>>> print(open('input24.cif').read())   # mmCIF, all heavy atoms
data_target
#
loop_
_atom_site.label_atom_id
_atom_site.label_comp_id
_atom_site.auth_asym_id
_atom_site.auth_seq_id
_atom_site.Cartn_x
_atom_site.Cartn_y
_atom_site.Cartn_z
N MET A 62 11.21 19.46 -1.32
CA MET A 62 10.45 18.56 -2.17
C MET A 62 10.97 17.13 -2.04
O MET A 62 10.20 16.20 -2.12
CB MET A 62 10.52 19.01 -3.62
CG MET A 62 9.75 20.29 -3.90
SD MET A 62 9.79 20.76 -5.62
CE MET A 62 8.46 19.76 -6.24
N LEU A 63 12.26 17.00 -1.82
CA LEU A 63 12.83 15.66 -1.68
C LEU A 63 12.19 14.92 -0.51
O LEU A 63 11.74 13.78 -0.67
CB LEU A 63 14.33 15.78 -1.48
CG LEU A 63 15.11 14.48 -1.27
CD1 LEU A 63 15.10 13.66 -2.54
CD2 LEU A 63 16.52 14.79 -0.86
N TYR A 64 12.10 15.57 0.64
CA TYR A 64 11.51 14.92 1.80
C TYR A 64 10.01 14.70 1.61
O TYR A 64 9.47 13.67 2.01
CB TYR A 64 11.73 15.76 3.06
CG TYR A 64 13.16 15.75 3.53
CD1 TYR A 64 13.86 16.93 3.70
CD2 TYR A 64 13.82 14.57 3.82
CE1 TYR A 64 15.17 16.94 4.14
CE2 TYR A 64 15.12 14.55 4.25
CZ TYR A 64 15.79 15.74 4.42
OH TYR A 64 17.08 15.73 4.84
N GLU A 65 9.31 15.66 1.02
CA GLU A 65 7.88 15.53 0.80
C GLU A 65 7.54 14.33 -0.07
O GLU A 65 6.47 13.74 0.05
CB GLU A 65 7.32 16.80 0.14
CG GLU A 65 7.33 18.00 1.05
CD GLU A 65 6.94 19.27 0.31
OE1 GLU A 65 6.65 19.24 -0.89
OE2 GLU A 65 6.93 20.33 0.97
N ARG A 66 8.43 13.96 -0.97
CA ARG A 66 8.20 12.85 -1.89
C ARG A 66 8.78 11.54 -1.36
O ARG A 66 8.86 10.55 -2.08
CB ARG A 66 8.76 13.19 -3.25
CG ARG A 66 8.08 14.43 -3.85
CD ARG A 66 8.57 14.74 -5.22
NE ARG A 66 8.14 13.75 -6.18
CZ ARG A 66 6.96 13.74 -6.80
NH1 ARG A 66 6.09 14.69 -6.57
NH2 ARG A 66 6.65 12.80 -7.65
N GLY A 67 9.23 11.53 -0.11
CA GLY A 67 9.71 10.30 0.51
C GLY A 67 11.18 10.02 0.31
O GLY A 67 11.65 8.93 0.61
N GLY A 68 11.94 10.98 -0.19
CA GLY A 68 13.37 10.78 -0.43
C GLY A 68 14.20 11.14 0.78
O GLY A 68 13.73 11.77 1.72
N VAL A 69 15.42 10.67 0.77
CA VAL A 69 16.37 10.99 1.84
C VAL A 69 17.73 11.26 1.21
O VAL A 69 18.00 10.86 0.08
CB VAL A 69 16.51 9.85 2.86
CG1 VAL A 69 15.20 9.59 3.57
CG2 VAL A 69 17.02 8.59 2.21
N PHE A 70 18.59 11.94 1.94
CA PHE A 70 19.96 12.12 1.52
C PHE A 70 20.81 12.39 2.75
O PHE A 70 20.30 12.73 3.81
CB PHE A 70 20.11 13.24 0.49
CG PHE A 70 20.00 14.63 1.06
CD1 PHE A 70 21.15 15.33 1.40
CD2 PHE A 70 18.77 15.23 1.25
CE1 PHE A 70 21.06 16.61 1.91
CE2 PHE A 70 18.68 16.50 1.75
CZ PHE A 70 19.83 17.20 2.09
N PHE A 71 22.11 12.19 2.59
CA PHE A 71 23.03 12.57 3.66
C PHE A 71 24.29 13.12 3.02
O PHE A 71 24.55 12.92 1.84
CB PHE A 71 23.34 11.40 4.60
CG PHE A 71 24.01 10.23 3.95
CD1 PHE A 71 25.39 10.14 3.91
CD2 PHE A 71 23.27 9.21 3.38
CE1 PHE A 71 26.02 9.07 3.31
CE2 PHE A 71 23.89 8.13 2.79
CZ PHE A 71 25.27 8.05 2.75
N VAL A 72 25.03 13.88 3.82
CA VAL A 72 26.26 14.51 3.36
C VAL A 72 27.41 13.93 4.16
O VAL A 72 27.35 13.84 5.39
CB VAL A 72 26.19 16.04 3.54
CG1 VAL A 72 27.50 16.69 3.19
CG2 VAL A 72 25.05 16.62 2.73
N GLU A 73 28.45 13.51 3.43
CA GLU A 73 29.61 12.92 4.09
C GLU A 73 30.84 13.14 3.22
O GLU A 73 30.79 12.90 2.00
CB GLU A 73 29.35 11.43 4.29
CG GLU A 73 30.44 10.70 5.02
CD GLU A 73 30.08 9.24 5.24
OE1 GLU A 73 29.94 8.51 4.26
OE2 GLU A 73 29.93 8.89 6.41
N ASN A 74 31.90 13.60 3.81
CA ASN A 74 33.18 13.78 3.10
C ASN A 74 33.05 14.63 1.84
O ASN A 74 33.62 14.32 0.80
CB ASN A 74 33.80 12.43 2.76
CG ASN A 74 34.14 11.62 3.99
OD1 ASN A 74 34.54 12.16 5.01
ND2 ASN A 74 33.95 10.32 3.90
N GLY A 75 32.25 15.69 1.91
CA GLY A 75 32.13 16.59 0.77
C GLY A 75 31.28 16.07 -0.38
O GLY A 75 31.34 16.59 -1.49
N VAL A 76 30.46 15.05 -0.11
CA VAL A 76 29.60 14.46 -1.14
C VAL A 76 28.19 14.34 -0.58
O VAL A 76 27.99 13.93 0.55
CB VAL A 76 30.12 13.06 -1.55
CG1 VAL A 76 29.18 12.39 -2.52
CG2 VAL A 76 31.51 13.15 -2.14
N ALA A 77 27.19 14.71 -1.40
CA ALA A 77 25.79 14.48 -1.04
C ALA A 77 25.38 13.15 -1.66
O ALA A 77 25.57 12.94 -2.86
CB ALA A 77 24.91 15.61 -1.57
N ASP A 78 24.84 12.26 -0.86
CA ASP A 78 24.43 10.94 -1.33
C ASP A 78 22.90 10.88 -1.32
O ASP A 78 22.27 11.00 -0.29
CB ASP A 78 25.00 9.86 -0.41
CG ASP A 78 24.83 8.47 -0.95
OD1 ASP A 78 23.77 8.18 -1.54
OD2 ASP A 78 25.74 7.66 -0.78
N PHE A 79 22.33 10.73 -2.51
CA PHE A 79 20.87 10.69 -2.69
C PHE A 79 20.44 9.27 -3.03
O PHE A 79 20.04 8.98 -4.15
CB PHE A 79 20.45 11.62 -3.83
CG PHE A 79 20.77 13.06 -3.59
CD1 PHE A 79 21.98 13.58 -4.01
CD2 PHE A 79 19.88 13.88 -2.93
CE1 PHE A 79 22.29 14.91 -3.79
CE2 PHE A 79 20.18 15.21 -2.70
CZ PHE A 79 21.39 15.72 -3.13
N GLU A 80 20.57 8.35 -2.08
CA GLU A 80 20.17 6.96 -2.30
C GLU A 80 20.65 6.43 -3.64
O GLU A 80 19.90 6.32 -4.59
CB GLU A 80 18.66 6.82 -2.20
CG GLU A 80 18.08 7.13 -0.86
CD GLU A 80 16.60 6.88 -0.79
OE1 GLU A 80 15.91 7.00 -1.81
OE2 GLU A 80 16.14 6.53 0.29
N MET A 81 21.89 6.11 -3.75
CA MET A 81 22.48 5.49 -4.93
C MET A 81 23.04 6.49 -5.94
O MET A 81 23.66 6.10 -6.91
CB MET A 81 21.50 4.56 -5.65
CG MET A 81 20.83 3.54 -4.75
SD MET A 81 21.98 2.31 -4.15
CE MET A 81 21.87 1.14 -5.46
N ARG A 82 22.78 7.77 -5.78
CA ARG A 82 23.37 8.78 -6.66
C ARG A 82 24.15 9.75 -5.79
O ARG A 82 23.63 10.24 -4.80
CB ARG A 82 22.30 9.52 -7.45
CG ARG A 82 21.59 8.61 -8.40
CD ARG A 82 20.64 9.37 -9.25
NE ARG A 82 19.82 8.45 -9.99
CZ ARG A 82 19.80 8.39 -11.31
NH1 ARG A 82 20.52 9.22 -12.01
NH2 ARG A 82 19.04 7.53 -11.92
N ARG A 83 25.36 9.99 -6.19
CA ARG A 83 26.23 10.86 -5.39
C ARG A 83 26.58 12.10 -6.19
O ARG A 83 26.74 12.04 -7.39
CB ARG A 83 27.49 10.10 -5.00
CG ARG A 83 27.19 8.88 -4.14
CD ARG A 83 28.40 8.01 -3.94
NE ARG A 83 29.52 8.76 -3.41
CZ ARG A 83 29.94 8.69 -2.16
NH1 ARG A 83 29.36 7.90 -1.32
NH2 ARG A 83 30.97 9.40 -1.76
N ALA A 84 26.70 13.23 -5.48
CA ALA A 84 27.04 14.49 -6.12
C ALA A 84 28.04 15.23 -5.24
O ALA A 84 27.80 15.39 -4.04
CB ALA A 84 25.80 15.35 -6.32
N PRO A 85 29.16 15.66 -5.81
CA PRO A 85 30.12 16.41 -5.01
C PRO A 85 29.55 17.77 -4.63
O PRO A 85 28.83 18.39 -5.42
CB PRO A 85 31.33 16.57 -5.94
CG PRO A 85 30.78 16.41 -7.32
CD PRO A 85 29.59 15.51 -7.20
N LEU A 86 29.85 18.21 -3.44
CA LEU A 86 29.41 19.53 -2.99
C LEU A 86 30.39 20.56 -3.50
O LEU A 86 31.60 20.43 -3.31
CB LEU A 86 29.32 19.57 -1.47
CG LEU A 86 28.32 18.60 -0.85
CD1 LEU A 86 28.38 18.69 0.66
CD2 LEU A 86 26.92 18.87 -1.35
N ARG A 87 29.87 21.56 -4.18
CA ARG A 87 30.71 22.62 -4.74
C ARG A 87 30.08 23.96 -4.40
O ARG A 87 28.94 24.02 -3.96
CB ARG A 87 30.80 22.49 -6.26
CG ARG A 87 31.30 21.13 -6.72
CD ARG A 87 31.39 21.05 -8.21
NE ARG A 87 30.06 21.02 -8.79
CZ ARG A 87 29.79 20.90 -10.07
NH1 ARG A 87 30.77 20.81 -10.94
NH2 ARG A 87 28.57 20.87 -10.53
N ALA A 88 30.82 25.02 -4.66
CA ALA A 88 30.28 26.36 -4.47
C ALA A 88 29.12 26.56 -5.45
O ALA A 88 29.10 25.99 -6.53
CB ALA A 88 31.36 27.41 -4.73
N TRP A 89 28.14 27.39 -5.09
CA TRP A 89 26.97 27.57 -5.94
C TRP A 89 27.36 28.09 -7.32
O TRP A 89 26.72 27.78 -8.31
CB TRP A 89 25.93 28.48 -5.27
CG TRP A 89 26.37 29.90 -5.10
CD1 TRP A 89 26.98 30.45 -4.01
CD2 TRP A 89 26.24 30.95 -6.05
NE1 TRP A 89 27.23 31.77 -4.23
CE2 TRP A 89 26.78 32.12 -5.49
CE3 TRP A 89 25.71 31.04 -7.33
CZ2 TRP A 89 26.82 33.33 -6.15
CZ3 TRP A 89 25.74 32.26 -7.99
CH2 TRP A 89 26.28 33.39 -7.40
N GLN A 90 28.45 28.85 -7.39
CA GLN A 90 28.88 29.40 -8.68
C GLN A 90 29.24 28.29 -9.67
O GLN A 90 29.08 28.45 -10.87
CB GLN A 90 30.09 30.34 -8.51
CG GLN A 90 29.79 31.59 -7.73
CD GLN A 90 30.04 31.44 -6.23
OE1 GLN A 90 30.08 30.35 -5.69
NE2 GLN A 90 30.20 32.56 -5.55
N ALA A 91 29.70 27.17 -9.18
CA ALA A 91 30.06 26.04 -10.05
C ALA A 91 28.82 25.32 -10.58
O ALA A 91 28.93 24.51 -11.48
CB ALA A 91 30.94 25.06 -9.29
N ASN A 92 27.66 25.62 -10.02
CA ASN A 92 26.44 24.93 -10.41
C ASN A 92 25.46 25.81 -11.18
O ASN A 92 24.36 25.38 -11.48
CB ASN A 92 25.73 24.38 -9.17
CG ASN A 92 26.55 23.31 -8.50
OD1 ASN A 92 26.95 22.35 -9.14
ND2 ASN A 92 26.84 23.49 -7.23
N VAL A 93 25.87 27.02 -11.51
CA VAL A 93 24.99 27.93 -12.23
C VAL A 93 24.88 27.50 -13.69
O VAL A 93 25.87 27.21 -14.34
CB VAL A 93 25.50 29.39 -12.14
CG1 VAL A 93 24.68 30.31 -13.01
CG2 VAL A 93 25.49 29.86 -10.70
N ALA A 94 23.64 27.43 -14.17
CA ALA A 94 23.41 27.08 -15.58
C ALA A 94 22.31 27.99 -16.12
O ALA A 94 21.40 28.39 -15.39
CB ALA A 94 22.99 25.62 -15.70
N ALA A 95 22.39 28.30 -17.41
CA ALA A 95 21.38 29.15 -18.04
C ALA A 95 20.01 28.47 -18.04
O ALA A 95 18.98 29.11 -17.86
CB ALA A 95 21.80 29.51 -19.45
N GLU A 96 19.99 27.18 -18.26
CA GLU A 96 18.75 26.40 -18.28
C GLU A 96 18.74 25.43 -17.10
O GLU A 96 19.79 24.87 -16.75
CB GLU A 96 18.64 25.61 -19.59
CG GLU A 96 18.54 26.48 -20.82
CD GLU A 96 17.23 27.26 -20.88
OE1 GLU A 96 16.19 26.72 -20.48
OE2 GLU A 96 17.27 28.42 -21.32
N PRO A 97 17.58 25.20 -16.51
CA PRO A 97 17.53 24.24 -15.41
C PRO A 97 17.87 22.83 -15.88
O PRO A 97 17.54 22.45 -17.00
CB PRO A 97 16.08 24.32 -14.92
CG PRO A 97 15.34 25.10 -15.93
CD PRO A 97 16.30 25.80 -16.81
N ILE A 98 18.55 22.08 -15.03
CA ILE A 98 18.92 20.71 -15.37
C ILE A 98 17.72 19.78 -15.23
O ILE A 98 17.54 18.86 -16.01
CB ILE A 98 20.08 20.24 -14.46
CG1 ILE A 98 21.31 21.10 -14.75
CG2 ILE A 98 20.39 18.77 -14.67
CD1 ILE A 98 22.44 20.90 -13.78
N VAL A 99 16.89 20.04 -14.22
CA VAL A 99 15.68 19.25 -14.02
C VAL A 99 14.50 20.19 -13.87
O VAL A 99 14.65 21.35 -13.50
CB VAL A 99 15.78 18.36 -12.76
CG1 VAL A 99 16.86 17.32 -12.91
CG2 VAL A 99 16.00 19.18 -11.52
N GLU A 100 13.33 19.68 -14.16
CA GLU A 100 12.11 20.46 -13.99
C GLU A 100 11.42 19.96 -12.74
O GLU A 100 11.19 18.77 -12.58
CB GLU A 100 11.21 20.26 -15.21
CG GLU A 100 10.04 21.19 -15.23
CD GLU A 100 9.25 21.08 -16.53
OE1 GLU A 100 9.79 20.58 -17.51
OE2 GLU A 100 8.09 21.50 -16.51
N LEU A 101 11.11 20.88 -11.83
CA LEU A 101 10.50 20.51 -10.56
C LEU A 101 8.98 20.63 -10.60
O LEU A 101 8.35 20.98 -9.62
CB LEU A 101 11.08 21.36 -9.43
CG LEU A 101 12.58 21.18 -9.20
CD1 LEU A 101 13.07 22.09 -8.10
CD2 LEU A 101 12.92 19.74 -8.89
N ASP A 102 8.40 20.30 -11.71
CA ASP A 102 6.95 20.27 -11.89
C ASP A 102 6.44 18.94 -11.35
O ASP A 102 7.05 17.89 -11.54
CB ASP A 102 6.64 20.40 -13.39
CG ASP A 102 5.17 20.34 -13.66
OD1 ASP A 102 4.51 21.38 -13.54
OD2 ASP A 102 4.69 19.24 -13.99
N GLN A 103 5.30 18.95 -10.65
CA GLN A 103 4.77 17.74 -10.04
C GLN A 103 4.57 16.61 -11.05
O GLN A 103 4.88 15.46 -10.77
CB GLN A 103 3.45 18.04 -9.31
CG GLN A 103 3.61 18.91 -8.09
CD GLN A 103 4.43 18.25 -7.00
OE1 GLN A 103 4.42 17.05 -6.81
NE2 GLN A 103 5.19 19.06 -6.28
N ALA A 104 4.05 16.91 -12.23
CA ALA A 104 3.81 15.87 -13.24
C ALA A 104 5.12 15.25 -13.71
O ALA A 104 5.21 14.03 -13.90
CB ALA A 104 3.03 16.45 -14.42
N VAL A 105 6.13 16.06 -13.89
CA VAL A 105 7.44 15.55 -14.32
C VAL A 105 8.03 14.66 -13.23
O VAL A 105 8.53 13.57 -13.50
CB VAL A 105 8.39 16.72 -14.66
CG1 VAL A 105 9.80 16.22 -14.91
CG2 VAL A 105 7.88 17.49 -15.86
N LEU A 106 7.96 15.11 -11.98
CA LEU A 106 8.49 14.32 -10.88
C LEU A 106 7.71 13.01 -10.71
O LEU A 106 8.30 11.97 -10.43
CB LEU A 106 8.47 15.14 -9.59
CG LEU A 106 9.40 16.34 -9.58
CD1 LEU A 106 9.19 17.15 -8.31
CD2 LEU A 106 10.85 15.94 -9.74
N ASP A 107 6.39 13.06 -10.88
CA ASP A 107 5.59 11.84 -10.81
C ASP A 107 6.04 10.84 -11.87
O ASP A 107 6.14 9.64 -11.61
CB ASP A 107 4.10 12.15 -10.97
CG ASP A 107 3.51 12.88 -9.78
OD1 ASP A 107 4.14 12.88 -8.69
OD2 ASP A 107 2.41 13.46 -9.94
N ALA A 108 6.29 11.33 -13.08
CA ALA A 108 6.75 10.44 -14.15
C ALA A 108 8.11 9.84 -13.82
O ALA A 108 8.33 8.64 -14.04
CB ALA A 108 6.81 11.21 -15.47
N LEU A 109 9.02 10.65 -13.28
CA LEU A 109 10.33 10.14 -12.90
C LEU A 109 10.22 9.11 -11.78
O LEU A 109 10.90 8.09 -11.79
CB LEU A 109 11.24 11.28 -12.46
CG LEU A 109 11.72 12.21 -13.56
CD1 LEU A 109 12.43 13.42 -12.96
CD2 LEU A 109 12.61 11.48 -14.55
N ASP A 110 9.36 9.35 -10.81
CA ASP A 110 9.15 8.40 -9.73
C ASP A 110 8.62 7.09 -10.27
O ASP A 110 8.98 6.01 -9.81
CB ASP A 110 8.19 8.95 -8.68
CG ASP A 110 8.82 10.01 -7.79
OD1 ASP A 110 10.06 10.13 -7.81
OD2 ASP A 110 8.07 10.72 -7.10
N GLY A 111 7.75 7.15 -11.27
CA GLY A 111 7.21 5.95 -11.88
C GLY A 111 8.28 5.13 -12.58
O GLY A 111 8.26 3.90 -12.54
N GLU A 112 9.25 5.79 -13.18
CA GLU A 112 10.36 5.10 -13.85
C GLU A 112 11.27 4.43 -12.83
O GLU A 112 11.77 3.34 -13.06
CB GLU A 112 11.19 6.08 -14.67
CG GLU A 112 10.47 6.63 -15.89
CD GLU A 112 11.29 7.69 -16.60
OE1 GLU A 112 12.49 7.85 -16.28
OE2 GLU A 112 10.72 8.35 -17.48
N ALA A 113 11.47 5.10 -11.69
CA ALA A 113 12.39 4.57 -10.67
C ALA A 113 11.75 3.44 -9.87
O ALA A 113 12.44 2.60 -9.34
CB ALA A 113 12.83 5.69 -9.73
N GLY A 114 10.43 3.47 -9.74
CA GLY A 114 9.77 2.49 -8.87
C GLY A 114 9.31 1.34 -9.64
O GLY A 114 9.12 0.25 -9.40
#
>>> encode(input="input24.cif", output="structure tokens")
Amino acid sequence: MLYERGGVFFVENGVADFEMRRAPLRAWQANVAAEPIVELDQAVLDALDGEAG
């Protein structure tokens, strides 16, 4: 979805860089949450894109 929406990222030195936002790479177990952190619904993403642009 990131690429489809025109986004890019790269990985360097154990960090994923998402154009101005960086996230450390960890094992998937460290990222498990009962509730999703973000909603990947098209309308929600469109609204977020509108805020960023």
>>> resolve_selection(input="input24.cif", expression="the PyMOL selection byres (((chain A and resi 62 and name CA) around 12) and name CA)", output="compact mmCIF listing (two decimals) with all heavy atoms, keeping the file's coordinate frame")
# COMPACT_ATOMS: atom_id res chain seq x y z
N LEU A 63 12.26 17.00 -1.82
CA LEU A 63 12.83 15.66 -1.68
C LEU A 63 12.19 14.92 -0.51
O LEU A 63 11.74 13.78 -0.67
CB LEU A 63 14.33 15.78 -1.48
CG LEU A 63 15.11 14.48 -1.27
CD1 LEU A 63 15.10 13.66 -2.54
CD2 LEU A 63 16.52 14.79 -0.86
N TYR A 64 12.10 15.57 0.64
CA TYR A 64 11.51 14.92 1.80
C TYR A 64 10.01 14.70 1.61
O TYR A 64 9.47 13.67 2.01
CB TYR A 64 11.73 15.76 3.06
CG TYR A 64 13.16 15.75 3.53
CD1 TYR A 64 13.86 16.93 3.70
CD2 TYR A 64 13.82 14.57 3.82
CE1 TYR A 64 15.17 16.94 4.14
CE2 TYR A 64 15.12 14.55 4.25
CZ TYR A 64 15.79 15.74 4.42
OH TYR A 64 17.08 15.73 4.84
N GLU A 65 9.31 15.66 1.02
CA GLU A 65 7.88 15.53 0.80
C GLU A 65 7.54 14.33 -0.07
O GLU A 65 6.47 13.74 0.05
CB GLU A 65 7.32 16.80 0.14
CG GLU A 65 7.33 18.00 1.05
CD GLU A 65 6.94 19.27 0.31
OE1 GLU A 65 6.65 19.24 -0.89
OE2 GLU A 65 6.93 20.33 0.97
N ARG A 66 8.43 13.96 -0.97
CA ARG A 66 8.20 12.85 -1.89
C ARG A 66 8.78 11.54 -1.36
O ARG A 66 8.86 10.55 -2.08
CB ARG A 66 8.76 13.19 -3.25
CG ARG A 66 8.08 14.43 -3.85
CD ARG A 66 8.57 14.74 -5.22
NE ARG A 66 8.14 13.75 -6.18
CZ ARG A 66 6.96 13.74 -6.80
NH1 ARG A 66 6.09 14.69 -6.57
NH2 ARG A 66 6.65 12.80 -7.65
N GLY A 67 9.23 11.53 -0.11
CA GLY A 67 9.71 10.30 0.51
C GLY A 67 11.18 10.02 0.31
O GLY A 67 11.65 8.93 0.61
N GLY A 68 11.94 10.98 -0.19
CA GLY A 68 13.37 10.78 -0.43
C GLY A 68 14.20 11.14 0.78
O GLY A 68 13.73 11.77 1.72
N VAL A 69 15.42 10.67 0.77
CA VAL A 69 16.37 10.99 1.84
C VAL A 69 17.73 11.26 1.21
O VAL A 69 18.00 10.86 0.08
CB VAL A 69 16.51 9.85 2.86
CG1 VAL A 69 15.20 9.59 3.57
CG2 VAL A 69 17.02 8.59 2.21
N LEU A 101 11.11 20.88 -11.83
CA LEU A 101 10.50 20.51 -10.56
C LEU A 101 8.98 20.63 -10.60
O LEU A 101 8.35 20.98 -9.62
CB LEU A 101 11.08 21.36 -9.43
CG LEU A 101 12.58 21.18 -9.20
CD1 LEU A 101 13.07 22.09 -8.10
CD2 LEU A 101 12.92 19.74 -8.89
N ASP A 102 8.40 20.30 -11.71
CA ASP A 102 6.95 20.27 -11.89
C ASP A 102 6.44 18.94 -11.35
O ASP A 102 7.05 17.89 -11.54
CB ASP A 102 6.64 20.40 -13.39
CG ASP A 102 5.17 20.34 -13.66
OD1 ASP A 102 4.51 21.38 -13.54
OD2 ASP A 102 4.69 19.24 -13.99
N GLN A 103 5.30 18.95 -10.65
CA GLN A 103 4.77 17.74 -10.04
C GLN A 103 4.57 16.61 -11.05
O GLN A 103 4.88 15.46 -10.77
CB GLN A 103 3.45 18.04 -9.31
CG GLN A 103 3.61 18.91 -8.09
CD GLN A 103 4.43 18.25 -7.00
OE1 GLN A 103 4.42 17.05 -6.81
NE2 GLN A 103 5.19 19.06 -6.28
N LEU A 106 7.96 15.11 -11.98
CA LEU A 106 8.49 14.32 -10.88
C LEU A 106 7.71 13.01 -10.71
O LEU A 106 8.30 11.97 -10.43
CB LEU A 106 8.47 15.14 -9.59
CG LEU A 106 9.40 16.34 -9.58
CD1 LEU A 106 9.19 17.15 -8.31
CD2 LEU A 106 10.85 15.94 -9.74
N ASP A 107 6.39 13.06 -10.88
CA ASP A 107 5.59 11.84 -10.81
C ASP A 107 6.04 10.84 -11.87
O ASP A 107 6.14 9.64 -11.61
CB ASP A 107 4.10 12.15 -10.97
CG ASP A 107 3.51 12.88 -9.78
OD1 ASP A 107 4.14 12.88 -8.69
OD2 ASP A 107 2.41 13.46 -9.94
>>> select_by_dssp(input="input24.cif", residues="chain A", states="strand (DSSP E)", output="ChimeraX atom specification")
/A:71-73,76-78,83-85
>>> atom_distance(input="input24.cif", atom1="CA of Val76 in chain A", atom2="CA of Ala91 in chain A")
14.6 Å
>>> atom_distance(input="input24.cif", atom1="CA of Met81 in chain A", atom2="CA of Val93 in chain A")
23.7 Å
>>> select_by_dssp(input="input24.cif", residues="chain A", states="alpha helix (DSSP H)", output="PyMOL selection string")
chain A and resi 103-113
>>> closest_residue(input="input24.cif", among="A:Val99, A:Phe71, A:Ala104, A:Asp110", to="Leu86 in chain A", atoms="only C-alpha atoms")
A:Phe71
>>> axis_aligned_box(input="input24.cif", around="range 76-82 of chain A", padding_each_side="3 Å", output="JSON")
{"center_x": 23.7, "center_y": 8.4, "center_z": -5.7, "size_x": 21.6, "size_y": 20.6, "size_z": 18.6}
